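Undergrad: This is the structure I want to talk about, given as structure tokens.
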Amino acid sequence: MSKELGSRLKALAARKKLRQTELAARMGMDYGHLNRVLNGKRPIYAEELPRYAQVLEVSLEAILGMEER
């Protein structure tokens with residue numbers, strides 16, 4: 001599940017033309033930490049999801065793959 005979410009977050013960031021370093025800065029986290037999240041090597045916690053949605057300007061449903069984009 002973490003790998004799927006990470007891939008989806010990566011794709012959403014790419015659509016916004018956000019580099020991983022920019023996304024990490026906007027999320028207030030270290031680049032290495034974000035990289036592990038995006039590559040499925042660190043779990044994504046439920047309480048982090050609203051912040052990803054806010055930064056990426058998408059719905060939680062989009063992050064969870066529950067809507068077609």
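If you're wondering about the labels, chains in the structure tokens are A, B, ... by order shown, residues count from 1 in each chain, ligands from 1 in order shown.
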Apply DSSP to the backbone of this structure and, from chain A, keep only the residues in helix (DSSP H, G or I); write these as a VMD selection string.
TA: chain A and resid 2 to 15 20 to 27 31 to 38 46 to 56 60 to 64
Undergrad: Would you list the contacts of stretch 49-55 of chain A as a PyMOL selection string, taking every protein, DNA or RNA residue within 12 Å and counting only C-alpha atoms, but skipping same-chain residues closer than 3 positions in sequence?
TA: chain A and resi 2+5-6+8-10+12-13+16+18+22-29+34+37-38+43-46+58-64
Undergrad: Which residues are near A:Asn35? Cut-off 10 Å, only C-alpha atoms, ignore same chain within fewer than 4 positions. Put them as a list in words.
TA: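 In the requested format, the answer is Gly6, Lys10, Gln20, Thr21, Ala24, Asp30, Tyr31, Asn39, Gly40, Lys41 and Arg42 of chain A.
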Undergrad: Can you write just those residues out, C-alpha atoms, as an mmCIF file, in the first residue's frame?
TA:
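Produced file out05.cif, reproduced below:
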data_model
loop_
_atom_site.group_PDB
_atom_site.id
_atom_site.type_symbol
_atom_site.label_atom_id
_atom_site.label_comp_id
_atom_site.auth_asym_id
_atom_site.auth_seq_id
_atom_site.Cartn_x
_atom_site.Cartn_y
_atom_site.Cartn_z
ATOM 1 C CA GLY A 6 4.123 6.826 -2.936
ATOM 2 C CA LYS A 10 5.009 11.124 -7.161
ATOM 3 C CA GLN A 20 10.859 16.247 -4.939
ATOM 4 C CA THR A 21 13.067 18.813 -3.223
ATOM 5 C CA ALA A 24 9.827 18.126 0.665
ATOM 6 C CA ASP A 30 13.845 16.380 4.799
ATOM 7 C CA TYR A 31 14.339 15.315 1.153
ATOM 8 C CA ASN A 39 9.568 4.963 -3.041
ATOM 9 C CA GLY A 40 7.502 2.934 -0.587
ATOM 10 C CA LYS A 41 10.352 2.457 1.873
ATOM 11 C CA ARG A 42 8.616 4.388 4.647
#
